[in-house]
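Heads up: the structure comes next, in structure tokens.
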Amino acid sequence: MKKLINDPKSVVHESVQGFGLAHAGLVTVSEDPIYITRKDAPVAGKVGLVSGGGSGHEPLHAGYVGKGMLDAAVPGAVFTSPTPDQILPATLAANAGAGVVHIVKNYTGDVLNFETAAELAEAEGVNVRTVLVNDDVAVEDSLYTAGRRGVGGTVLVEKIAGAAAERGDGLEAVVAIGERVNANVRTMGVALTACTVPHAGTPSFDLDENEIEIGIGIHGEPGRHRIPMENADGITDRLLEPVLADLKITAGDRVLLFVNGMGGTPLSELYIVYRRAVQVLADAGATVDRSLVGNYITSLEMQGCSISVLRLDDELTALWDAPVHTAALRWGM
Amino acid sequence: MKKLINDPKSVVHESVQGFGLAHAGLVTVSEDPIYITRKDAPVAGKVGLVSGGGSGHEPLHAGYVGKGMLDAAVPGAVFTSPTPDQILPATLAANAGAGVVHIVKNYTGDVLNFETAAELAEAEGVNVRTVLVNDDVAVEDSLYTAGRRGVGGTVLVEKIAGAAAERGDGLEAVVAIGERVNANVRTMGVALTACTVPHAGTPSFDLDENEIEIGIGIHGEPGRHRIPMENADGITDRLLEPVLADLKITAGDRVLLFVNGMGGTPLSELYIVYRRAVQVLADAGATVDRSLVGNYITSLEMQGCSISVLRLDDELTALWDAPVHTAALRWGM
Amino acid sequence: MTVVLDVNWTVKWLTLCAQAMAEHRIELIELDRAIGDSDHGENMDRGFQAVLAKLDEATPETPGAALKMTAMTLMSKVGGAAGPLYGTAFLRAATAVGDAAEVEPAAWALALAAARDGIVARGKAEPGDKTMVDAWTPAVDAAREAADGGSPDLLSVLVAAAEAAEAGAVATDPLIARKGRASYLGERSAGHRDPGAVSTALILRAAVGAAA
Amino acid sequence: MTVVLDVNWTVKWLTLCAQAMAEHRIELIELDRAIGDSDHGENMDRGFQAVLAKLDEATPETPGAALKMTAMTLMSKVGGAAGPLYGTAFLRAATAVGDAAEVEPAAWALALAAARDGIVARGKAEPGDKTMVDAWTPAVDAAREAADGGSPDLLSVLVAAAEAAEAGAVATDPLIARKGRASYLGERSAGHRDPGAVSTALILRAAVGAAA
Ligand SMILES: Nc1ncnc2c1ncn2[C@@H]1O[C@H](COP(=O)(O)OP(=O)(O)O)[C@@H](O)[C@H]1O
Ligand SMILES: Nc1ncnc2c1ncn2[C@@H]1O[C@H](COP(=O)(O)OP(=O)(O)O)[C@@H](O)[C@H]1O
Ligand SMILES: [Mg+2]
Ligand SMILES: [Mg+2]
Ligand SMILES: [Mg+2]
Ligand SMILES: [Mg+2]
């Protein structure tokens with residue numbers, strides 16, 4: 001394992017310190033317990049947005065703290081959800097009295113820890129609502145499983161719900177927008193290589209030189225099945241097929257196409273995937289109205305990508321276009 | 001070699017097509033020969049800025065085409081400089097009559113091909129000037145060598161010269177700004193792993209599990225020397241030392257600190273390096289006034305980073321802050 | 001020498017838990033690597049090291065106080081799925097034993113049942129879902145049986161719980177996970193042991209060690 | 001059979017060059033991998049395949065026309081350092097042979113010298129800098145000597161040039177590069193053969209093959 005780190009135990013702490021130094025105009029970093037807030041939090045009258053989860057997915061979530069997106073982010077240890085004693089103060093810091101929305105990726109650990117923190121915050125008089133993100137079509141959604149995971153769609157939920165909060169929507173309205181995004185986005189990912197969690201020191205799974213792992217999540221966990229290496233167009237088709245089927249994409253749909261890198265794949269390859277995805281969507285009669293291509297929700301240095309498709313309507317499009325100023329996503333200001 | 005590609009021969013072509021589709025509002029893509037221009041090029045009255053070089057360094061250069069930065073980018077084959085028959089039409093497309101500046105990284109291939117293109121463009125009546133970027137302190141600068149390479153500083157030259165052209169500076173003034181940036185920026189890089197050029201199929205050099213390569217360029221070429229793996233702080237110190245010495249950084253200097261990922265290193269690790277670099281600069285009495293952290297000039301999926309330091313003055317700072325709207329760098333608009 | 005479940009025993013138990021997590025850290029990481037995200041050993045080790053640090057700061061007055069401190073510490077230091085689940089387990093156990101200075105074997109069996117119920121209440125897993133519940137449930141049953149039986153001495157209750165938990169952990173091998181991260185693997189989760197079931201067995205085995 | 005350097009020979013030469021680049025593509029990539037950026041074989045192969053395609057489209061009328069077409073094609077298809085350098089070399093050679101239908105051995109030796117001078121003019125490398133110049137310079141000298149000598153037949157000029165270029169390429173092994181990408185390696189460039197010198201030797205060896 002070769003990493004630009006000092007000590008597996010200090011990775012999150014030092015990285016967050018560096019992040020705070022690099023974006024001092026944008027965010028405030030609390031070091032003990034660790035959480036990041038928007039410089040001007042709490043913003044008077046605004047619903048607060050808080051998200052968090054294990055580290056190792058950067059720029060998620062700290063990179064999305066700022067105007068038009070999150071008020072606070074709570075990073076856990078690498079691939080380990082944060083604890084209530086971090087989430088609670090982040091929630092309090094984000095609360096301007098209009099209530100706080102927790103955006104939680106659907107993993108047992110995240111759900112349980114945010115649940116506890118929400119109870120504690122409610123006990124301190126904060127109105128907390130939760131938007132659960134579960135956009136991963138690689139996982140069967142069933143009452144008898146942990147349910148679908150939250151993956152690429154999380155970035156879109158955070159951006160669009162963030163814009164709704166910024167324009168002044170109330171607590172229930174922000175939740176409704178977040179849930180609308182979640183209901184209209186599906187994602188599927190592929191890994192070409194595994195990643196190495198610093199404290200583990202060995203790759204999170206073993207993959208042969210000519211195998212790829214279809215249906216991976218974002219925690220270096222193995223995926224749904226393993227197939228021989230294919231070319232980019234073949235992989236793209238394979239990822240998009242269940243996404244479009246589950247979303248029931250039909251002719252005339254307008255979509256946002258999000259090709260996300262898992263961290264170790266060159267941007268040039270993501271554009272090759274994007275190119276094919278546009279063709280496939282065109283064949284389905286859908287129009288790509290908005291796009292996002294890059295490393296936005298990663299798994300350390302894993303090679304691979306995920307494709308997310310979000311069905312747009314006029315309001316979601318306008319909220320997507322609304323100005324945003326965070327470390328990792330910025331436009332209009 | 002596992003890559004999200006269809007065929008090593010079509011990598012650049014398909015990637016540029018995808019790029020064009022994803023950023024259709026921003027750029028126009030010419031496919032034969034391949035080059036990318038700003039949607040509204042040539043911009044009346046404005047000096048045109050053209051850069052280019054081998055592919056594999058994305059988002060460089062196509063990602064920097066747009067308002068406030070480049071008018072055209074010319075991608076060659078992977079790690080191979082583009083040819084005059086690409087550079088010439090890109091130069092003509094960027095020319096609004098006020099002349100064109102070629103921003104060229106100092107590699108024999110880039111220099112020779114841009115030189116030829118410049119002659120051909122001059123023959124067609126275009127005023128062409130060249131800004132040669134050579135910021136890499138890993139390489140000895142001498143009349144008897146190919147000279148220092150152009151690496152991380154290129155991004156800063158393109159942004160700042162681009163802002164100068166955008167505010168209406170004339171040809172010689174834009175060149176002077178570009179050269180001032182180049183004179184005040186130094187860079188040094190490290191590789192933790194090699195990268196694999198698609199058509200080559202094997203890693204560009206062999207590195208043991210506990211070795212790193214100090215002083216690498218951006219073409220997967222081996223570096224200046226090889227040392228046993230060190231921690232992030234140690235590596236940061238090692239990279240910064242020659243940068244600060246060569247730049248003669250002294251107490252009171254204000255700088256832009258640019259920690260660049262080589263493509264395969266997680267963002268979280270870049271922030272760990274950034275954190276240490278700020279400490280080292282502080283110890284030298286310098287203030288980090290502006291910063292850039294991320295994958296901006298890469299070597300495919302190589303793991304590692306480079307650190308660039310640019311000595312700022314008020315004008316360079318203002319030009320850095322000026323609005324920019326490209327696929328990979330955007331603020332103020 | 002008859003063993004009593006007092007605060008000394010509790011502190012010794014927690015100390016041995018911390019020792020076991022440190023020793024089995026890599027094993028638990030490896031188990032989690034196979035069907036999860038490679039962090040269970042790291043999480044448990046971090047959590048129990050923090051418990052040790054707390055014990056260093058101040059010695060709790062009762063077994064219940066020690067268990068409550070452990071609950072709060074695991075909750076705030078472990079994270080992931082295991083943090084809230086073990087946190088709830090220790091909290092429910094603490095509530096069950098109240099502020100007694102010594103806990104009777106039968107009461108301990110009830111405390112284990114309360115812990116298990118807490119885990120089920122939070123995590124909604126059923127036996128057979130390939131989670132830590134598959135170690136806790138047989139342990140709870142075995143402890144109750146031992147406590148109800150002819151010789152309700154503490155040691156036999158602890159040994160029964162540990163052995164049942166260990167057997168329960170082994171029995172997760174062929175199961176297909178239906179809860180937690182391993183469930184994403186579907187059928188590919190079969191053939192691997194659940195890391196949380198193993199850490200549960202380690203914790204209950206440490207309880208035996210504390211009585212030695 | 002005496003060999004004449006006419007357009008047929010030139011076309012055959014270029015065809016054999018393309019064949020040699022395809023065959024040695026991986027070898028040249030490997031050489032460039034050691035002290036450069038792993039693209040020389042790919043670049044040269046791409047360039048000469050394009051030359052082949054041009055030859056398919058239309059047969060040039062004179063050796064000079066074939067050389068000029070080659071120059072323009074390499075210039076626009078090879079890229080990197082080798083593209084402009086070989087482009088210039090072929091362009092200067094084309095100019096040297098003019099529009100003659102047949103080129104005399106002595107004139108060919110002069111054309112090779114012009115090619116070499118073009119490379120030096122563009123790349124500023126001196127002999128010993130570990131570049132293709134280290135293959136061209138001995139080749140030029142040997143060709144001139146053979147052409148000046150007793151039996152100025154074409155084949156002996158071609159053979160002399162090829163052998164000298166091959167020896168020149170081998171002689172780059174111990175050199176420390178002072179130009180091109182290999183120069184970044186400093187002393188670590190010693191112990192490797194320069195890829196451009198090897199491709200030069202391949203080109204000049206193909207010229208012998210075309211006369212067979
Ligand atoms: N819903 C659940 N109910 C009971 N136990 C669970 C549940 N989900 C996960 N677990 C247990 O937690 C263990 C994983 O813990 P850990 O690796 O620390 O957390 P995470 O899965 O968040 O990375 C599993 O091995 C399993 O025993
Ligand atoms: N300044 C120079 N003069 C002469 N030959 C050079 C010079 N620079 C590089 N070369 C030759 O070019 C070869 C490399 O070509 P190639 O790999 O195709 O281009 P690049 O170095 O741009 O990747 C070297 O092996 C060397 O022979
Ligand atoms: Mg985890
Ligand atoms: Mg090259
Ligand atoms: Mg885990
Ligand atoms: Mg090369």
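The way I read the labels, and the way they are meant: chains A, B, ... in the order of the structure tokens, residue 1 as the first residue of every chain, and ligand 1 as the first ligand shown, with later ones counted on from there.
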Subject >> Test item: residues at most 12 Å from Met21 in chain C, only C-alpha atoms, excluding those fewer than 3 positions along its chain, as an NGL selection string >> reply: :C and (14-18 or 24-29 or 40-52 or 195-196 or 198-203 or 205-206)
Subject >> Exercise answer, 9 Å around ligand 6 with only C-alpha atoms and all ligand atoms, as number ranges by chain >> reply: B: 79-80, 109, 219, 221; D: 29, 32-33, 35-43, 80-82, 180-182, 195-196
Would you save the residues of that selection, restricted to C-alpha atoms, as a compact mmCIF listing (two decimals), in the first residue's frame?
# COMPACT_ATOMS: atom_id res chain seq x y z
CA PHE B 79 1.68 11.68 -24.48
CA THR B 80 2.53 12.74 -28.05
CA GLY B 109 8.05 17.59 -29.62
CA HIS B 219 4.34 11.76 -19.44
CA GLU B 221 8.60 9.15 -17.95
CA ILE D 29 7.84 1.36 -27.51
CA ASP D 32 11.10 4.58 -25.31
CA ARG D 33 9.49 3.21 -22.16
CA ILE D 35 14.08 6.44 -21.15
CA GLY D 36 11.07 8.25 -22.57
CA ASP D 37 7.31 8.08 -22.72
CA SER D 38 6.53 4.78 -24.43
CA ASP D 39 5.27 6.20 -27.70
CA HIS D 40 8.04 6.12 -30.28
CA GLY D 41 6.98 2.79 -31.84
CA GLU D 42 3.36 3.85 -31.91
CA ASN D 43 4.23 7.21 -33.45
CA GLY D 80 6.12 14.24 -30.76
CA ALA D 81 9.76 15.03 -31.37
CA ALA D 82 10.16 12.40 -34.08
CA GLY D 180 14.93 15.05 -25.97
CA ARG D 181 12.89 13.46 -23.25
CA ALA D 182 15.64 11.06 -22.19
CA PRO D 195 14.76 4.71 -29.75
CA GLY D 196 15.11 7.36 -32.45
Near Ala34 in chain D, counting only C-alpha atoms, which residues have an atom at most 7 Å away, once you skip same-chain residues fewer than 3 positions from it, shown as a CSV table (one decimal) with all heavy atoms, in the first residue's frame?
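Wrote result09.csv, looks like this:
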chain,number,residue,atom,x,y,z
B,205,PHE,N,6.9,2.7,-16.3
B,205,PHE,CA,8.1,2.3,-15.7
B,205,PHE,C,7.8,1.4,-14.5
B,205,PHE,O,6.6,1.2,-14.2
B,205,PHE,CB,9.0,3.5,-15.2
B,205,PHE,CG,8.3,4.5,-14.3
B,205,PHE,CD1,8.1,4.3,-13.0
B,205,PHE,CD2,7.7,5.7,-14.9
B,205,PHE,CE1,7.4,5.3,-12.2
B,205,PHE,CE2,7.1,6.6,-14.1
B,205,PHE,CZ,6.9,6.4,-12.8
D,30,GLU,N,9.2,-0.2,-26.2
D,30,GLU,CA,9.9,-0.6,-25.0
D,30,GLU,C,11.1,0.2,-24.8
D,30,GLU,O,11.5,0.6,-23.7
D,30,GLU,CB,10.3,-2.1,-25.2
D,30,GLU,CG,9.1,-3.1,-24.8
D,30,GLU,CD,8.7,-2.9,-23.4
D,30,GLU,OE1,9.5,-2.9,-22.5
D,30,GLU,OE2,7.4,-2.7,-23.2
D,31,LEU,N,11.9,0.5,-25.9
D,31,LEU,CA,13.0,1.4,-25.8
D,31,LEU,C,12.6,2.7,-25.2
D,31,LEU,O,13.3,3.3,-24.3
D,31,LEU,CB,13.8,1.5,-27.1
D,31,LEU,CG,14.5,0.3,-27.7
D,31,LEU,CD1,15.0,0.5,-29.1
D,31,LEU,CD2,15.6,-0.2,-26.7
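With only C-alpha atoms taken into account, the protein and nucleic acid residues at most 10 Å from Ala73 in chain B (excluding it and anything under 5 positions from it in its own chain) are Val29, Ile34, Tyr35, Ile36, Thr37, Arg38, Leu49, Val50, Ser51, Gly52, Gly53, Leu60, His61, Ala62, Gly63, Tyr64, Val65, Gln86, Ile87, Ala90, Thr91, Ala94, His102 and Ile103 of chain B.
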**OP:** Name the residues in contact with Tyr271 in chain A at a cut-off of 10 Å, using only C-alpha atoms, excluding same-chain residues fewer than 4 positions from it; report them as a PyMOL selection string.
**Re:** (chain A and resi 259-260+266-267+275-277+293-294) or (chain B and resi 4-5+11-12+14-22)
**OP:** Any chance you could list, as a count of residues only, the residues in range 177-279 of chain B that come up helix (DSSP H, G or I) when DSSP is run on the backbone?
**Re:** 36
Give me the residues near Lys179 in chain D as a compact mmCIF listing (two decimals) with all heavy atoms, in the first residue's frame, where near means some atom within 7 Å (using only C-alpha atoms) and where sequence neighbours in that chain fewer than 2 positions away do not count.
# COMPACT_ATOMS: atom_id res chain seq x y z
N THR B 145 20.95 21.01 -22.50
CA THR B 145 19.93 19.98 -22.33
C THR B 145 18.68 20.47 -23.03
O THR B 145 18.66 21.54 -23.62
CB THR B 145 19.59 19.77 -20.84
OG1 THR B 145 18.95 20.96 -20.36
CG2 THR B 145 20.82 19.48 -20.01
N ALA B 146 17.64 19.65 -22.95
CA ALA B 146 16.35 20.08 -23.52
C ALA B 146 15.72 21.14 -22.64
O ALA B 146 14.69 21.72 -22.98
CB ALA B 146 15.43 18.87 -23.66
N ALA D 125 20.62 19.03 -31.73
CA ALA D 125 21.41 18.01 -31.05
C ALA D 125 22.77 17.88 -31.71
O ALA D 125 22.91 18.06 -32.93
CB ALA D 125 20.68 16.67 -31.07
N ASP D 129 24.81 13.31 -28.14
CA ASP D 129 23.71 13.71 -27.25
C ASP D 129 22.69 12.58 -27.06
O ASP D 129 21.69 12.77 -26.39
CB ASP D 129 22.98 14.94 -27.82
CG ASP D 129 23.75 16.24 -27.58
OD1 ASP D 129 24.79 16.19 -26.90
OD2 ASP D 129 23.31 17.29 -28.09
N THR D 131 20.79 10.86 -29.49
CA THR D 131 19.55 11.05 -30.25
C THR D 131 19.73 10.35 -31.59
O THR D 131 20.77 9.72 -31.86
CB THR D 131 19.27 12.53 -30.55
OG1 THR D 131 20.25 13.00 -31.49
CG2 THR D 131 19.32 13.37 -29.29
N ALA D 177 21.95 11.12 -22.11
CA ALA D 177 21.18 11.95 -23.05
C ALA D 177 21.25 13.42 -22.67
O ALA D 177 21.17 13.77 -21.49
CB ALA D 177 19.73 11.48 -23.08
N ARG D 181 13.50 13.84 -24.51
CA ARG D 181 12.89 13.46 -23.25
C ARG D 181 13.83 12.66 -22.35
O ARG D 181 13.75 12.74 -21.13
CB ARG D 181 11.69 12.60 -23.61
CG ARG D 181 10.58 12.63 -22.67
CD ARG D 181 9.44 11.84 -23.27
NE ARG D 181 8.69 12.60 -24.27
CZ ARG D 181 7.85 13.56 -23.97
NH1 ARG D 181 7.65 13.89 -22.73
NH2 ARG D 181 7.20 14.20 -24.91
N ALA D 182 14.74 11.89 -22.98
CA ALA D 182 15.64 11.06 -22.19
C ALA D 182 16.58 11.90 -21.34
O ALA D 182 17.10 11.45 -20.33
CB ALA D 182 16.42 10.13 -23.10
N SER D 183 16.79 13.16 -21.76
CA SER D 183 17.72 14.01 -21.02
C SER D 183 17.21 14.29 -19.61
O SER D 183 18.00 14.59 -18.72
CB SER D 183 17.96 15.33 -21.77
OG SER D 183 16.79 16.13 -21.75
Subject >> DSSP strand (DSSP E or B) selection over range 45-249 of chain A, as a PyMOL selection string >> reply: chain A and resi 48-55+65+67+70+72-78+100-105+128-133+136+185-191+196+203+211-214+225-228
